[in-house]
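Data file: coords.txt. Format and content: compact mmCIF, C-alpha atoms and all ligand atoms.
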```txt
# COMPACT_ATOMS: atom_id res chain seq x y z
CA MET A 612 -2.65 7.03 28.61
CA PHE A 613 -2.57 5.93 24.99
CA THR A 614 -3.01 7.96 21.83
CA ARG A 615 -2.69 7.21 18.13
CA LYS A 616 0.35 8.55 16.35
CA ILE A 617 1.85 8.01 12.92
CA LYS A 618 5.22 6.30 13.01
CA TRP A 619 7.34 6.46 9.86
CA TYR A 620 9.22 3.43 8.54
CA ARG A 621 11.85 3.58 5.84
CA ILE A 622 11.10 1.37 2.82
CA GLY A 623 14.07 2.22 0.64
CA ALA A 624 15.48 4.78 -1.75
CA LYS A 625 12.68 6.20 -3.88
CA SER A 626 14.79 6.01 -7.03
CA ASP A 627 15.38 2.27 -6.44
CA LEU A 628 11.71 1.62 -5.67
CA LEU A 629 10.59 3.37 -8.85
CA VAL A 630 12.80 0.94 -10.81
CA GLU A 631 11.95 -2.17 -8.76
CA ILE A 632 8.16 -1.81 -8.80
CA PRO A 633 6.64 -2.55 -12.19
CA PRO A 634 3.61 -0.53 -13.35
CA ASN A 635 1.31 -3.55 -13.37
CA LYS A 636 2.27 -5.55 -10.28
CA PRO A 637 2.06 -4.71 -6.56
CA LYS A 638 5.14 -5.41 -4.46
CA ALA A 639 4.65 -6.88 -0.96
CA TYR A 640 6.35 -5.64 2.21
CA SER A 641 5.99 -6.51 5.86
CA ILE A 642 6.44 -3.35 7.92
CA ALA A 643 5.77 -2.98 11.64
CA GLY A 644 3.63 -6.11 11.64
CA LYS A 645 1.49 -5.01 8.68
CA ASN A 646 1.40 -6.54 5.23
CA ILE A 647 1.59 -3.67 2.76
CA ILE A 648 1.79 -3.37 -1.00
CA LEU A 649 3.53 -0.65 -2.93
CA CYS A 650 2.02 0.11 -6.32
CA LYS A 651 2.88 2.47 -9.13
CA THR A 652 0.12 4.58 -10.68
CA GLU A 653 -0.07 5.22 -14.40
CA ASP A 654 1.57 8.62 -13.84
CA GLY A 655 4.50 6.99 -12.01
CA GLU A 656 3.48 7.88 -8.46
CA LEU A 657 4.02 5.32 -5.69
CA THR A 658 1.18 4.41 -3.31
CA ALA A 659 0.97 2.14 -0.27
CA LEU A 660 -2.08 0.04 0.59
CA ILE A 661 -2.95 -2.83 2.90
CA ASP A 662 -2.18 -6.23 1.39
CA LYS A 663 -5.54 -7.74 2.30
CA CYS A 664 -8.69 -7.95 0.22
CA PRO A 665 -11.80 -7.10 2.28
CA HIS A 666 -13.82 -9.75 0.45
CA GLN A 667 -12.19 -12.92 1.79
CA GLY A 668 -8.92 -11.64 3.17
CA LYS A 669 -6.70 -12.83 0.32
CA ARG A 670 -3.40 -11.11 -0.52
CA LEU A 671 -3.72 -8.31 -3.06
CA SER A 672 -0.01 -8.78 -3.78
CA ASP A 673 -1.07 -11.91 -5.70
CA GLY A 674 -3.04 -9.66 -8.06
CA TRP A 675 -2.13 -6.95 -10.53
CA CYS A 676 -2.58 -3.25 -11.24
CA GLU A 677 -4.52 -1.78 -14.14
CA GLU A 678 -6.19 1.58 -14.80
CA ASN A 679 -4.86 2.93 -11.47
CA LYS A 680 -6.48 0.12 -9.49
CA VAL A 681 -5.18 -2.96 -7.75
CA VAL A 682 -7.17 -6.05 -8.76
CA CYS A 683 -7.66 -9.03 -6.46
CA PRO A 684 -7.07 -12.20 -8.52
CA TYR A 685 -9.61 -14.31 -6.68
CA HIS A 686 -12.92 -12.60 -7.50
CA ARG A 687 -11.69 -9.46 -9.32
CA TYR A 688 -12.59 -6.85 -6.71
CA SER A 689 -10.55 -3.74 -7.51
CA PHE A 690 -9.45 -0.73 -5.46
CA ASP A 691 -8.24 2.72 -6.42
CA LEU A 692 -4.48 3.03 -5.87
CA LYS A 693 -4.75 6.52 -4.33
CA THR A 694 -7.98 6.35 -2.28
CA GLY A 695 -8.40 2.62 -1.66
CA LEU A 696 -12.06 2.87 -2.69
CA GLY A 697 -13.72 0.29 -4.90
CA SER A 698 -16.00 -2.72 -5.27
CA GLY A 699 -18.51 -1.35 -2.77
CA THR A 700 -15.98 -1.02 0.03
CA GLY A 701 -12.44 0.18 0.58
CA ILE A 702 -9.00 -0.75 1.84
CA ASP A 703 -6.50 1.12 4.00
CA VAL A 704 -4.13 3.52 2.26
CA PHE A 705 -0.93 4.57 4.02
CA PRO A 706 0.81 7.94 3.63
CA LEU A 707 4.22 8.03 1.96
CA SER A 708 6.85 10.66 2.63
CA GLU A 709 10.08 11.26 0.80
CA ARG A 710 12.71 12.34 3.29
CA GLU A 711 16.42 12.43 3.59
CA GLY A 712 17.55 8.85 3.26
CA GLY A 713 14.58 7.45 1.41
CA LEU A 714 10.88 6.86 1.11
CA TYR A 715 8.95 6.29 4.34
CA VAL A 716 5.51 4.81 4.96
CA GLY A 717 3.40 6.15 7.82
CA ILE A 718 1.59 3.65 10.03
CA ASN A 719 -0.87 4.69 12.69
CA ARG A 720 0.12 3.14 16.01
CA TRP A 721 -1.10 3.31 19.58
CA VAL A 722 1.62 4.91 21.71
CA TRP A 723 1.92 5.60 25.40
CA PHE A 724 2.39 9.23 26.40
S1 LIG A 801 -10.91 -12.46 -2.04
FE1 LIG A 801 -10.49 -10.66 -3.15
S2 LIG A 801 -12.19 -10.48 -4.45
FE2 LIG A 801 -12.64 -12.23 -3.31
```
Hey, can you dump this file as structure tokens for me?
Ligand code: FES
Amino acid sequence: MFTRKIKWYRIGAKSDLLVEIPPNKPKAYSIAGKNIILCKTEDGELTALIDKCPHQGKRLSDGWCEENKVVCPYHRYSFDLKTGLGSGTGIDVFPLSEREGGLYVGINRWVWF
């Protein structure tokens, strides 16, 4: 039987990520088969969202961040960095957890039990 379970994947040391990720540009990662962006909010918090615009499926990592939103460069749809809501729809937001050894992103997976 299958059930959904969050699996946690290490991205890196939080202190390094806070330096590497600029306040106005998403950074792309491929984790467990998903394209994800890490963004930094205006108050310096990191967030993780799917790297796919719901409008025409373009990469949000090609866009930029402003006013706590990620903006798709193709038709300017924008999505809240914390909730993923915006432009009449929404995008997936992934939980982040700081643990011993770094910052982890949680991805919901089907697992056999
Ligand atoms: S593809 Fe992103 S707004 Fe159109």
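Our summary of the geometry notes that atom CA of A:Lys669 is positioned 11.4 Å from atom CA of A:Asn646.
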Residues within 7 Å of ligand LIG 801 (chain A) (only C-alpha atoms and all ligand atoms), as a ChimeraX atom specification?
/A:664-669,683-688
With C-alpha atoms retained, could you export that selection as a compact mmCIF listing (two decimals), in the frame of the given file?
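Printed below is again.txt as written:
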```txt
# COMPACT_ATOMS: atom_id res chain seq x y z
CA CYS A 664 -8.69 -7.95 0.22
CA PRO A 665 -11.80 -7.10 2.28
CA HIS A 666 -13.82 -9.75 0.45
CA GLN A 667 -12.19 -12.92 1.79
CA GLY A 668 -8.92 -11.64 3.17
CA LYS A 669 -6.70 -12.83 0.32
CA CYS A 683 -7.66 -9.03 -6.46
CA PRO A 684 -7.07 -12.20 -8.52
CA TYR A 685 -9.61 -14.31 -6.68
CA HIS A 686 -12.92 -12.60 -7.50
CA ARG A 687 -11.69 -9.46 -9.32
CA TYR A 688 -12.59 -6.85 -6.71
```
Mind pulling up the distance from atom CA of A:Glu711 to atom CA of A:Cys676?
28.8 Å
List the spatial neighbours of A:Asp662 as a PDB file with C-alpha atoms, in the frame of the given file - criterion: any atom at most 7 Å away, only C-alpha atoms, same-chain residues fewer than 6 positions off excluded.
```pdb
ATOM      1  CA  ASN A 646       1.400  -6.540   5.230  1.00  0.00           C
ATOM      2  CA  ILE A 647       1.590  -3.670   2.760  1.00  0.00           C
ATOM      3  CA  ILE A 648       1.790  -3.370  -1.000  1.00  0.00           C
ATOM      4  CA  ARG A 670      -3.400 -11.110  -0.520  1.00  0.00           C
ATOM      5  CA  LEU A 671      -3.720  -8.310  -3.060  1.00  0.00           C
ATOM      6  CA  SER A 672      -0.010  -8.780  -3.780  1.00  0.00           C
TER       7      SER A 672
END
```
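Considering the residues A:Phe613, A:Trp675, A:Trp721, A:Tyr715 and counting only C-alpha atoms, A:Pro634 has its shortest atom-to-atom contact with A:Trp675.
Counting from atom CA of A:Thr658, the distance to atom CA of A:Gly713 is 14.5 Å.
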Around (-2.0, 3.0, 2.0) in the file's own coordinates, what residues are found within 9 Å if you use only C-alpha atoms, given back as an mmCIF file with C-alpha atoms, keeping the file's coordinate frame?
```
data_model
loop_
_atom_site.group_PDB
_atom_site.id
_atom_site.type_symbol
_atom_site.label_atom_id
_atom_site.label_comp_id
_atom_site.auth_asym_id
_atom_site.auth_seq_id
_atom_site.Cartn_x
_atom_site.Cartn_y
_atom_site.Cartn_z
ATOM 1 C CA ILE A 647 1.590 -3.670 2.760
ATOM 2 C CA ILE A 648 1.790 -3.370 -1.000
ATOM 3 C CA LEU A 649 3.530 -0.650 -2.930
ATOM 4 C CA THR A 658 1.180 4.410 -3.310
ATOM 5 C CA ALA A 659 0.970 2.140 -0.270
ATOM 6 C CA LEU A 660 -2.080 0.040 0.590
ATOM 7 C CA ILE A 661 -2.950 -2.830 2.900
ATOM 8 C CA LEU A 692 -4.480 3.030 -5.870
ATOM 9 C CA LYS A 693 -4.750 6.520 -4.330
ATOM 10 C CA THR A 694 -7.980 6.350 -2.280
ATOM 11 C CA GLY A 695 -8.400 2.620 -1.660
ATOM 12 C CA ILE A 702 -9.000 -0.750 1.840
ATOM 13 C CA ASP A 703 -6.500 1.120 4.000
ATOM 14 C CA VAL A 704 -4.130 3.520 2.260
ATOM 15 C CA PHE A 705 -0.930 4.570 4.020
ATOM 16 C CA PRO A 706 0.810 7.940 3.630
ATOM 17 C CA LEU A 707 4.220 8.030 1.960
ATOM 18 C CA VAL A 716 5.510 4.810 4.960
ATOM 19 C CA GLY A 717 3.400 6.150 7.820
ATOM 20 C CA ILE A 718 1.590 3.650 10.030
#
```
When you count all atoms listed in the file, which of these residues is closest to A:Asp673: A:Met612, A:Asn635, A:Tyr620, A:Leu628?
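Using all atoms listed in the file, the shortest distance to A:Asp673 belongs to A:Asn635.
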Which of these, A:Asn719, A:Thr614, A:Glu709, A:Gly674, has the shortest distance to A:Glu656 once you count all atoms listed in the file?
A:Glu709
